[in-house]
file data-v5.cif (mmCIF, C-alpha atoms)
data_coords
#
loop_
_atom_site.label_atom_id
_atom_site.label_comp_id
_atom_site.auth_asym_id
_atom_site.auth_seq_id
_atom_site.Cartn_x
_atom_site.Cartn_y
_atom_site.Cartn_z
CA MET A 1 41.74 184.69 -73.37
CA ASN A 2 38.82 187.08 -73.76
CA GLY A 3 35.20 186.29 -74.57
CA LEU A 4 32.36 188.53 -75.74
CA ILE A 5 28.63 188.01 -75.30
CA LEU A 6 26.60 190.27 -77.60
CA VAL A 7 23.02 190.39 -76.33
CA ALA A 8 20.85 190.89 -79.41
CA GLY A 9 17.60 189.12 -78.58
CA GLY A 10 15.41 191.92 -77.24
CA LYS A 11 11.93 192.51 -78.67
CA GLY A 12 12.35 196.30 -78.78
CA GLN A 13 8.78 197.26 -77.83
CA ARG A 14 9.47 201.01 -77.98
CA PHE A 15 11.49 200.79 -81.21
CA SER A 16 9.72 198.12 -83.24
CA GLY A 17 6.51 197.33 -81.40
CA GLY A 18 7.89 193.95 -80.43
CA LYS A 19 9.00 192.90 -83.92
CA GLY A 20 12.65 192.78 -82.92
CA LYS A 21 14.72 195.92 -83.48
CA MET A 22 17.88 193.95 -84.27
CA GLU A 23 16.43 192.77 -87.60
CA LEU A 24 14.63 195.90 -88.82
CA LYS A 25 16.51 197.19 -91.87
CA VAL A 26 16.32 200.86 -91.01
CA PHE A 27 20.01 201.73 -90.77
CA LYS A 28 20.78 202.62 -94.40
CA GLY A 29 18.88 199.53 -95.48
CA LEU A 30 20.74 197.38 -92.97
CA SER A 31 19.75 196.00 -89.59
CA LEU A 32 21.65 196.19 -86.33
CA LEU A 33 22.37 192.49 -86.75
CA ASP A 34 23.81 193.11 -90.25
CA TYR A 35 25.95 195.83 -88.73
CA TRP A 36 27.28 193.67 -85.92
CA LEU A 37 28.15 190.74 -88.16
CA VAL A 38 30.58 193.08 -89.91
CA ARG A 39 31.62 195.11 -86.86
CA LEU A 40 32.59 191.98 -84.93
CA GLU A 41 35.30 191.36 -87.51
CA THR A 42 37.08 194.42 -86.12
CA LEU A 43 36.92 192.99 -82.59
CA LYS A 44 38.36 189.55 -83.28
CA GLY A 45 41.80 190.77 -82.34
CA LEU A 46 40.47 191.41 -78.82
CA PHE A 47 38.20 188.39 -78.40
CA GLN A 48 39.12 184.78 -79.00
CA ASP A 49 35.51 183.64 -78.50
CA ILE A 50 32.31 185.49 -79.44
CA VAL A 51 28.67 184.53 -78.88
CA ILE A 52 25.65 186.40 -80.23
CA VAL A 53 22.46 185.90 -78.22
CA THR A 54 19.66 186.04 -80.79
CA ASP A 55 16.74 184.06 -82.15
CA SER A 56 17.19 185.51 -85.63
CA PRO A 57 16.69 182.91 -88.39
CA LEU A 58 18.69 185.21 -90.68
CA LEU A 59 22.00 184.69 -88.91
CA ASN A 60 24.43 182.86 -91.14
CA SER A 61 27.96 183.09 -89.84
CA ARG A 62 30.56 180.34 -89.90
CA ASP A 63 32.79 181.55 -87.12
CA ILE A 64 30.53 183.21 -84.54
CA LYS A 65 28.60 181.15 -82.01
CA VAL A 66 24.87 181.73 -81.48
CA ALA A 67 22.81 181.22 -78.32
CA PRO A 68 19.02 181.61 -77.94
CA PRO A 69 17.63 184.45 -75.83
CA GLY A 70 15.92 183.63 -72.54
CA ASP A 71 12.80 185.13 -71.00
CA SER A 72 14.94 187.58 -69.00
CA ARG A 73 18.20 189.42 -69.52
CA LYS A 74 19.94 187.23 -66.98
CA LYS A 75 18.85 184.03 -68.74
CA SER A 76 19.89 185.45 -72.11
CA VAL A 77 23.35 186.26 -70.81
CA ALA A 78 23.54 182.83 -69.18
CA ASN A 79 22.71 181.13 -72.49
CA GLY A 80 25.55 183.04 -74.12
CA PHE A 81 27.93 182.38 -71.23
CA TYR A 82 27.53 178.61 -71.39
CA GLU A 83 28.38 178.65 -75.11
CA LEU A 84 31.72 180.32 -74.38
CA ALA A 85 34.95 178.46 -74.02
CA LYS A 86 36.76 178.77 -70.67
CA VAL A 87 38.12 182.27 -71.08
CA ASP A 88 39.75 184.52 -68.49
CA LYS A 89 37.66 187.63 -69.08
CA VAL A 90 34.11 188.06 -70.41
CA LEU A 91 32.52 191.25 -71.72
CA VAL A 92 28.73 191.55 -72.02
CA HIS A 93 27.51 194.14 -74.51
CA ASP A 94 24.07 195.25 -75.68
CA GLY A 95 23.59 194.89 -79.43
CA ALA A 96 21.47 198.06 -79.24
CA ARG A 97 24.63 200.07 -78.46
CA PRO A 98 26.36 200.08 -81.87
CA LEU A 99 28.65 203.06 -81.24
CA ALA A 100 30.86 201.67 -78.47
CA THR A 101 34.37 202.02 -79.87
CA ASN A 102 37.08 199.39 -79.92
CA VAL A 103 38.97 201.64 -77.50
CA LEU A 104 36.17 201.27 -74.94
CA PHE A 105 36.26 197.48 -75.23
CA GLU A 106 40.04 197.60 -74.75
CA ARG A 107 39.69 199.86 -71.69
CA VAL A 108 37.28 197.52 -69.94
CA ILE A 109 39.46 194.50 -70.71
CA ALA A 110 42.58 196.23 -69.36
CA TRP A 111 40.98 197.14 -66.01
CA LEU A 112 39.92 193.52 -65.46
CA ASP A 113 43.58 192.86 -64.67
CA THR A 114 43.00 194.82 -61.44
CA PHE A 115 39.29 194.43 -60.65
CA PRO A 116 36.87 191.46 -60.97
CA VAL A 117 34.03 193.56 -62.41
CA VAL A 118 34.38 196.68 -64.59
CA VAL A 119 31.61 198.90 -65.97
CA PRO A 120 31.82 202.05 -68.12
CA ALA A 121 29.75 205.07 -67.15
CA ILE A 122 29.31 208.77 -67.89
CA ASP A 123 28.15 211.70 -65.76
CA VAL A 124 24.53 212.80 -65.80
CA GLU A 125 24.31 216.21 -67.44
CA ASP A 126 20.52 216.72 -67.41
CA ALA A 127 18.46 218.25 -64.62
CA LEU A 128 16.53 215.50 -62.83
CA ARG A 129 13.14 215.50 -61.14
CA LYS A 130 11.25 212.77 -59.28
CA LYS A 131 7.49 212.27 -59.33
CA GLU A 132 5.76 212.62 -55.97
CA GLY A 133 2.01 212.30 -56.20
CA ASN A 134 0.72 214.84 -58.72
CA SER A 135 3.88 216.92 -58.44
CA THR A 136 7.64 216.55 -58.91
CA VAL A 137 10.65 217.46 -56.88
CA PRO A 138 14.22 218.10 -58.07
CA VAL A 139 16.83 215.41 -57.58
CA PRO A 140 20.45 216.48 -57.10
CA ARG A 141 22.52 214.98 -59.89
CA GLY A 142 25.84 215.24 -58.09
CA GLY A 143 27.42 211.81 -57.86
CA LEU A 144 24.93 210.22 -60.27
CA ILE A 145 26.27 208.37 -63.31
CA ARG A 146 24.77 206.59 -66.32
CA VAL A 147 26.02 203.02 -66.64
CA GLN A 148 26.74 201.62 -70.12
CA THR A 149 27.96 198.42 -71.69
CA PRO A 150 30.26 196.62 -72.41
CA GLN A 151 30.45 195.40 -68.82
CA GLY A 152 33.46 193.25 -68.01
CA PHE A 153 33.83 190.29 -65.66
CA ARG A 154 36.46 187.82 -64.73
CA TYR A 155 35.11 184.42 -65.72
CA ASP A 156 34.48 183.17 -62.17
CA ALA A 157 32.73 186.41 -61.19
CA LEU A 158 30.21 186.21 -64.04
CA LYS A 159 29.71 182.49 -63.41
CA ALA A 160 28.81 183.25 -59.78
CA VAL A 161 26.43 186.02 -60.87
CA LEU A 162 24.57 183.79 -63.30
CA GLU A 163 24.30 180.91 -60.82
CA ALA A 164 22.96 183.13 -58.02
CA PRO A 165 19.17 183.48 -57.51
CA HIS A 166 19.44 187.28 -57.58
CA GLU A 167 17.80 189.35 -60.35
CA ASP A 168 18.61 192.98 -61.16
CA VAL A 169 18.86 195.42 -64.07
CA ASP A 170 22.32 194.19 -65.03
CA GLU A 171 24.93 191.62 -64.10
CA ALA A 172 27.22 194.15 -62.40
CA SER A 173 24.46 195.04 -59.90
CA VAL A 174 24.08 191.37 -58.96
CA ALA A 175 27.86 191.02 -58.68
CA GLN A 176 27.96 193.89 -56.19
CA GLN A 177 25.16 192.29 -54.14
CA LEU A 178 27.27 189.12 -53.99
CA GLY A 179 30.24 191.07 -52.67
CA TRP A 180 32.34 191.45 -55.81
CA GLU A 181 34.08 194.83 -56.17
CA VAL A 182 32.73 196.83 -59.13
CA HIS A 183 35.09 199.36 -60.71
CA VAL A 184 33.75 202.20 -62.87
CA VAL A 185 35.75 203.43 -65.88
CA GLU A 186 35.10 206.30 -68.23
CA GLY A 187 32.40 205.51 -70.80
CA GLU A 188 31.64 207.29 -74.06
CA ARG A 189 28.97 209.91 -74.65
CA LYS A 190 28.33 208.65 -78.15
CA ASN A 191 27.77 205.11 -76.82
CA LEU A 192 24.02 205.65 -77.12
CA LYS A 193 21.37 202.94 -77.00
CA VAL A 194 18.91 202.44 -79.85
CA THR A 195 15.55 202.64 -78.06
CA PHE A 196 13.08 204.74 -80.07
CA PRO A 197 12.34 204.93 -83.84
CA GLU A 198 13.88 208.39 -84.05
CA ASP A 199 17.18 206.89 -82.90
CA ILE A 200 17.93 205.89 -86.49
CA PHE A 201 19.90 209.16 -86.65
CA LEU A 202 22.69 207.06 -85.12
CA GLN A 203 23.32 205.55 -88.54
CA GLU A 204 25.24 208.69 -89.49
CA HIS A 205 27.73 207.79 -86.77
CA MET A 206 27.71 204.05 -87.53
CA PHE A 207 28.73 204.25 -91.19
CA ARG A 208 30.89 206.15 -93.65
CA GLN A 209 29.54 206.47 -97.19
CA ILE A 210 31.78 205.11 -99.95
CA GLN A 211 31.36 204.45 -103.68
CA GLY A 212 32.96 202.28 -106.31
CA ILE A 213 32.94 201.90 -110.09
CA GLY A 214 34.02 199.00 -112.26
CA TRP A 215 33.81 197.81 -115.84
CA ASP A 216 34.69 194.84 -118.02
CA PHE A 217 34.59 193.74 -121.67
CA HIS A 218 34.68 190.27 -123.24
CA LYS A 219 34.60 189.23 -126.88
CA PHE A 220 32.09 186.69 -128.14
CA SER A 221 33.05 183.03 -128.38
CA GLU A 222 30.94 180.48 -130.19
CA SER A 223 32.39 177.69 -128.06
CA ARG A 224 31.33 179.15 -124.70
CA THR A 225 28.08 179.20 -122.74
CA LEU A 226 26.77 182.67 -121.88
CA VAL A 227 26.60 183.42 -118.15
CA LEU A 228 25.48 186.81 -116.83
CA GLY A 229 25.07 187.76 -113.19
CA GLY A 230 25.60 184.14 -112.23
CA VAL A 231 22.69 183.01 -114.43
CA GLN A 232 23.18 180.71 -117.41
CA ILE A 233 21.43 182.26 -120.43
CA GLU A 234 19.96 179.08 -121.83
CA ASP A 235 18.60 180.47 -125.12
CA ALA A 236 21.88 182.20 -126.11
CA GLU A 237 23.84 180.66 -128.97
CA ILE A 238 27.06 182.43 -128.14
CA GLY A 239 29.17 183.01 -125.04
CA LEU A 240 32.09 185.18 -124.00
CA GLU A 241 35.84 184.59 -124.05
CA SER A 242 37.51 184.62 -120.62
CA TRP A 243 39.88 182.75 -118.34
CA THR A 244 36.80 182.11 -116.14
CA ASP A 245 33.21 181.55 -117.28
CA GLY A 246 33.19 185.00 -118.91
CA ASP A 247 30.50 186.54 -116.70
CA VAL A 248 31.10 190.14 -117.75
CA ALA A 249 28.45 191.49 -115.36
CA ILE A 250 29.94 189.87 -112.26
CA HIS A 251 33.44 190.89 -113.33
CA ALA A 252 32.33 194.54 -113.46
CA VAL A 253 30.61 194.22 -110.08
CA ALA A 254 33.69 192.63 -108.49
CA ASP A 255 35.85 195.36 -110.01
CA ALA A 256 33.56 198.04 -108.50
CA PHE A 257 33.83 196.39 -105.09
CA LEU A 258 37.62 196.26 -105.36
CA SER A 259 37.65 199.96 -106.18
CA MET A 260 35.88 200.59 -102.85
CA LEU A 261 38.46 198.46 -101.10
CA GLY A 262 41.40 199.99 -102.93
CA GLN A 263 42.94 196.53 -103.20
CA GLY A 264 43.91 196.20 -106.86
CA ASP A 265 42.04 194.76 -109.84
CA LEU A 266 40.71 191.43 -111.11
CA GLY A 267 43.71 190.64 -113.31
CA THR A 268 46.13 191.12 -110.42
CA LEU A 269 44.17 189.36 -107.69
CA TYR A 270 42.54 186.63 -109.79
CA PRO A 271 45.00 185.86 -112.61
CA ASN A 272 44.77 183.20 -115.30
CA ASN A 273 46.31 180.39 -113.27
CA GLU A 274 45.24 176.94 -112.13
CA LEU A 275 43.41 178.34 -109.09
CA TRP A 276 41.03 180.59 -111.03
CA LYS A 277 41.15 179.21 -114.60
CA GLY A 278 37.69 178.13 -115.71
CA CYS A 279 36.10 178.81 -112.33
CA PRO A 280 32.63 180.36 -111.95
CA SER A 281 32.86 184.12 -111.61
CA THR A 282 30.58 183.83 -108.59
CA ASN A 283 33.60 182.30 -106.78
CA ILE A 284 35.59 185.46 -107.47
CA LEU A 285 32.70 187.63 -106.31
CA ALA A 286 32.39 185.59 -103.10
CA ASP A 287 36.10 186.07 -102.41
CA VAL A 288 35.85 189.82 -103.04
CA MET A 289 32.87 190.06 -100.69
CA GLU A 290 34.82 188.19 -98.02
CA ARG A 291 37.55 190.82 -98.38
CA MET A 292 34.88 193.49 -97.94
CA ARG A 293 33.45 191.79 -94.86
CA LYS A 294 36.86 191.64 -93.22
CA ASN A 295 37.30 195.36 -93.93
CA GLY A 296 33.90 196.31 -92.52
CA ILE A 297 32.28 197.24 -95.85
CA LEU A 298 28.67 196.53 -96.80
CA VAL A 299 26.81 197.07 -100.07
CA GLU A 300 23.97 199.58 -99.89
CA LYS A 301 22.91 199.65 -103.56
CA LEU A 302 24.28 198.28 -106.83
CA THR A 303 23.61 199.53 -110.38
CA VAL A 304 24.74 197.48 -113.37
CA LEU A 305 24.66 198.55 -117.03
CA LEU A 306 25.13 195.92 -119.73
CA LEU A 307 25.89 197.02 -123.30
CA ALA A 308 24.97 194.12 -125.58
CA ASP A 309 23.82 194.11 -129.21
CA LYS A 310 23.06 190.40 -129.05
CA PRO A 311 21.47 188.16 -127.97
CA LYS A 312 18.10 189.54 -126.86
CA LEU A 313 18.18 189.69 -123.07
CA LYS A 314 15.12 191.66 -122.01
CA HIS A 315 13.36 188.59 -120.63
CA TRP A 316 16.47 187.75 -118.59
CA ILE A 317 16.61 191.06 -116.68
CA GLU A 318 14.43 189.89 -113.81
CA PRO A 319 16.21 186.56 -113.06
CA ILE A 320 19.66 188.18 -113.41
CA THR A 321 18.64 191.04 -111.11
CA ARG A 322 17.19 188.65 -108.54
CA ASN A 323 20.30 186.47 -108.52
CA LEU A 324 22.71 189.40 -108.30
CA SER A 325 20.71 190.85 -105.42
CA SER A 326 20.97 187.58 -103.51
CA LEU A 327 24.71 187.36 -104.19
CA VAL A 328 25.51 190.86 -102.89
CA ASN A 329 22.69 191.03 -100.30
CA ALA A 330 21.54 194.44 -101.51
CA PRO A 331 19.09 196.05 -103.96
CA VAL A 332 20.25 195.81 -107.58
CA HIS A 333 19.19 197.82 -110.64
CA LEU A 334 20.11 196.24 -113.98
CA SER A 335 19.68 197.92 -117.34
CA ILE A 336 20.54 196.45 -120.72
CA THR A 337 21.04 198.59 -123.83
CA ARG A 338 22.41 198.38 -127.38
CA SER A 339 25.27 200.29 -128.98
CA GLU A 340 22.94 201.50 -131.77
CA GLY A 341 25.79 201.20 -134.30
CA ILE A 342 27.72 204.06 -132.75
CA ILE A 343 30.99 202.41 -133.84
CA GLY A 344 29.65 201.58 -137.29
CA LYS A 345 28.85 197.95 -136.51
CA ASP A 346 27.52 195.77 -133.73
CA LEU A 347 29.80 195.09 -130.79
CA ASP A 348 31.83 191.90 -131.04
CA GLY A 349 31.18 191.18 -127.39
CA MET A 350 29.65 192.75 -124.30
CA ILE A 351 30.59 195.66 -122.05
CA SER A 352 29.42 195.97 -118.47
CA LEU A 353 29.63 198.93 -116.08
CA ALA A 354 28.90 198.71 -112.34
CA PHE A 355 28.33 201.48 -109.83
CA VAL A 356 28.11 200.62 -106.14
CA ASN A 357 27.08 202.64 -103.10
CA GLY A 358 28.51 201.14 -99.95
CA VAL A 359 29.00 201.88 -96.29
CA GLU A 360 32.04 201.29 -94.15
CA VAL A 361 31.41 200.39 -90.54
CA LYS A 362 33.07 202.87 -88.19
CA ARG A 363 35.09 201.46 -85.32
#
call {"tool": "encode", "arguments": {"input": "data-v5.cif", "output": "structure tokens"}}
result
Amino acid sequence: MNGLILVAGGKGQRFSGGKGKMELKVFKGLSLLDYWLVRLETLKGLFQDIVIVTDSPLLNSRDIKVAPPGDSRKKSVANGFYELAKVDKVLVHDGARPLATNVLFERVIAWLDTFPVVVPAIDVEDALRKKEGNSTVPVPRGGLIRVQTPQGFRYDALKAVLEAPHEDVDEASVAQQLGWEVHVVEGERKNLKVTFPEDIFLQEHMFRQIQGIGWDFHKFSESRTLVLGGVQIEDAEIGLESWTDGDVAIHAVADAFLSMLGQGDLGTLYPNNELWKGCPSTNILADVMERMRKNGILVEKLTVLLLADKPKLKHWIEPITRNLSSLVNAPVHLSITRSEGIIGKDLDGMISLAFVNGVEVKR
């Protein structure tokens, strides 16, 4: 069994001035923590146990363990380690390195069959100089390498490292001091570390832009309650026909998300059967979003257009927008308009269109 400790509790002085770079929403409106909560889905085939070391109050995941950061890297890793089950191999990775590929994780895991400690590294390509007084002198770069994460350990090796009194820049350095053999494998040049504000350029390598469009129409029904965007429209005297609660706005949004996924449509995936009949449309949306999460897709921005001749809904725009935004965890723009008699009479129902900009997490 394999375990992963994702260290995501640093204060990020150079990046965020100590505000915590993992939570700053600067990567296409997402944070590094948002990114990892989706990215980790792609790593669950490699790791049977995962712990995120963070003090973020925003973390809300049902199947990923959380450990608090310590006042040093070693203590942070230790907190994560003692939350793990008894696994055979443990990888420790910096949350500030979002571009490490699944292949790199696999490479480190594979070499742990032969060596107790494995670290990825790349050659140093820059000219180096060392300060000496008010001057500098060149430093030969031959033989020098830049160490990266994820760093891999057999369980007993990392346990010994964390129980030892030694402190160093990383766990592999302590392991070597204790006599464990450290094996270096090829790292990845794009496995860069987010350190400075200008490093947000990495988002272009973290995500792939995708879009989706969806629509829905429901006729009026005098026997139904009107629900739009998950909000019950209390002053409406008429609702919408549907096998669910008739939330035409959420149906359009869910349809737009499914178009990004390429996984069919509402009628096919959520048919009029006992499972979905009469259920809140928010349940369907939650299921669609779970499909997106498992496929590494996040919502960047959502635009919803509602075509409705009645009832008057202007004063409901703000609460519907606020609720939709909370449901999809992204900015939402909602506009409501009338048909203006273009078909010769008022619409006998409501039409909704949804346009979504999303990002797919690269692996």
call {"tool": "residues_around", "arguments": {"input": "data-v5.cif", "residues": "A:Arg293", "least_positions_apart": "5", "cutoff": "9 Å", "atoms": "only C-alpha atoms", "output": "PyMOL selection string"}}
result
chain A and resi 37-39+41+288+298
call {"tool": "resolve_selection", "arguments": {"input": "data-v5.cif", "expression": "the PyMOL selection byres ((chain A and resi 323-339) around 10)", "output": "NGL selection string"}}
result
:A and (29-30 or 228-231 or 249-250 or 253 or 282 or 285-286 or 289 or 298-310 or 312-314 or 316-322 or 340-347 or 350-352 or 354-356 or 358)
call {"tool": "atom_distance", "arguments": {"input": "data-v5.cif", "atom1": "atom CA of A:Pro165", "atom2": "atom CA of A:Ala78"}}
result
12.5 Å
call {"tool": "closest_residue", "arguments": {"input": "data-v5.cif", "among": "A:Gly296, A:Pro150, A:Gly246, A:Pro69", "to": "A:Lys277", "atoms": "only C-alpha atoms"}}
result
A:Gly246
call {"tool": "closest_residue", "arguments": {"input": "data-v5.cif", "among": "A:Leu266, A:Met22, A:Asp245, A:Thr101", "to": "A:Cys279", "atoms": "all atoms listed in the file"}}
result
A:Asp245
call {"tool": "axis_aligned_box", "arguments": {"input": "data-v5.cif", "around": "stretch 222-241 of chain A", "padding_each_side": "8 Å", "output": "JSON"}}
result
{"center_x": 27.2, "center_y": 182.7, "center_z": -121.2, "size_x": 33.2, "size_y": 26.1, "size_z": 34.0}
call {"tool": "residues_around", "arguments": {"input": "data-v5.cif", "residues": "A:Asp168", "least_positions_apart": "5", "cutoff": "12 Å", "atoms": "all atoms listed in the file", "output": "VMD selection string"}}
result
chain A and resid 72 to 75 161 to 162 173 to 178
call {"tool": "closest_residue", "arguments": {"input": "data-v5.cif", "among": "A:Asp49, A:Val182, A:Asp156, A:Asn2", "to": "A:Phe105", "atoms": "all atoms listed in the file"}}
result
A:Asn2
call {"tool": "atom_distance", "arguments": {"input": "data-v5.cif", "atom1": "atom CA of A:Met260", "atom2": "atom CA of A:Trp36"}}
result
20.2 Å
call {"tool": "atom_distance", "arguments": {"input": "data-v5.cif", "atom1": "atom CA of A:Asp88", "atom2": "atom CA of A:Ala160"}}
result
14.0 Å
call {"tool": "closest_residue", "arguments": {"input": "data-v5.cif", "among": "A:Glu237, A:Glu167, A:Glu360, A:Glu83", "to": "A:Val53", "atoms": "all atoms listed in the file"}}
result
A:Glu83
call {"tool": "residues_around", "arguments": {"input": "data-v5.cif", "residues": "stretch 141-148 of chain A", "least_positions_apart": "3", "cutoff": "9 Å", "atoms": "all atoms listed in the file", "output": "PyMOL selection string"}}
result
chain A and resi 93-94+97+119-128+151+184+187-188+191-193
call {"tool": "closest_residue", "arguments": {"input": "data-v5.cif", "among": "A:Ala96, A:Asn357, A:Gly349, A:Gly152", "to": "A:Ile238", "atoms": "only C-alpha atoms"}}
result
A:Gly349
call {"tool": "build_atoms", "arguments": {"input": "data-v5.cif", "residues": "stretch 314-327 of chain A", "atoms": "N, CA and C atoms", "output": "tab-separated table (two decimals), in the coordinates of the input"}}
result
chain	number	residue	atom	x	y	z
A	314	LYS	N	16.12	190.97	-122.81
A	314	LYS	CA	15.12	191.66	-122.01
A	314	LYS	C	14.42	190.73	-121.04
A	315	HIS	N	14.08	189.51	-121.50
A	315	HIS	CA	13.36	188.59	-120.63
A	315	HIS	C	14.25	187.95	-119.57
A	316	TRP	N	15.55	188.26	-119.61
A	316	TRP	CA	16.47	187.75	-118.59
A	316	TRP	C	16.79	188.79	-117.51
A	317	ILE	N	16.28	190.00	-117.65
A	317	ILE	CA	16.61	191.06	-116.68
A	317	ILE	C	16.16	190.69	-115.28
A	318	GLU	N	14.96	190.19	-115.14
A	318	GLU	CA	14.43	189.89	-113.81
A	318	GLU	C	15.21	188.77	-113.11
A	319	PRO	N	15.44	187.61	-113.77
A	319	PRO	CA	16.21	186.56	-113.06
A	319	PRO	C	17.66	186.96	-112.77
A	320	ILE	N	18.29	187.73	-113.68
A	320	ILE	CA	19.66	188.18	-113.41
A	320	ILE	C	19.68	189.13	-112.22
A	321	THR	N	18.73	190.07	-112.21
A	321	THR	CA	18.64	191.04	-111.11
A	321	THR	C	18.42	190.33	-109.79
A	322	ARG	N	17.50	189.38	-109.78
A	322	ARG	CA	17.19	188.65	-108.54
A	322	ARG	C	18.41	187.88	-108.03
A	323	ASN	N	19.14	187.25	-108.95
A	323	ASN	CA	20.30	186.47	-108.52
A	323	ASN	C	21.43	187.37	-108.02
A	324	LEU	N	21.68	188.46	-108.74
A	324	LEU	CA	22.71	189.40	-108.30
A	324	LEU	C	22.40	189.97	-106.92
A	325	SER	N	21.13	190.29	-106.70
A	325	SER	CA	20.71	190.85	-105.42
A	325	SER	C	20.98	189.86	-104.29
A	326	SER	N	20.72	188.58	-104.54
A	326	SER	CA	20.97	187.58	-103.51
A	326	SER	C	22.46	187.39	-103.27
A	327	LEU	N	23.26	187.54	-104.32
A	327	LEU	CA	24.71	187.36	-104.19
A	327	LEU	C	25.36	188.48	-103.38
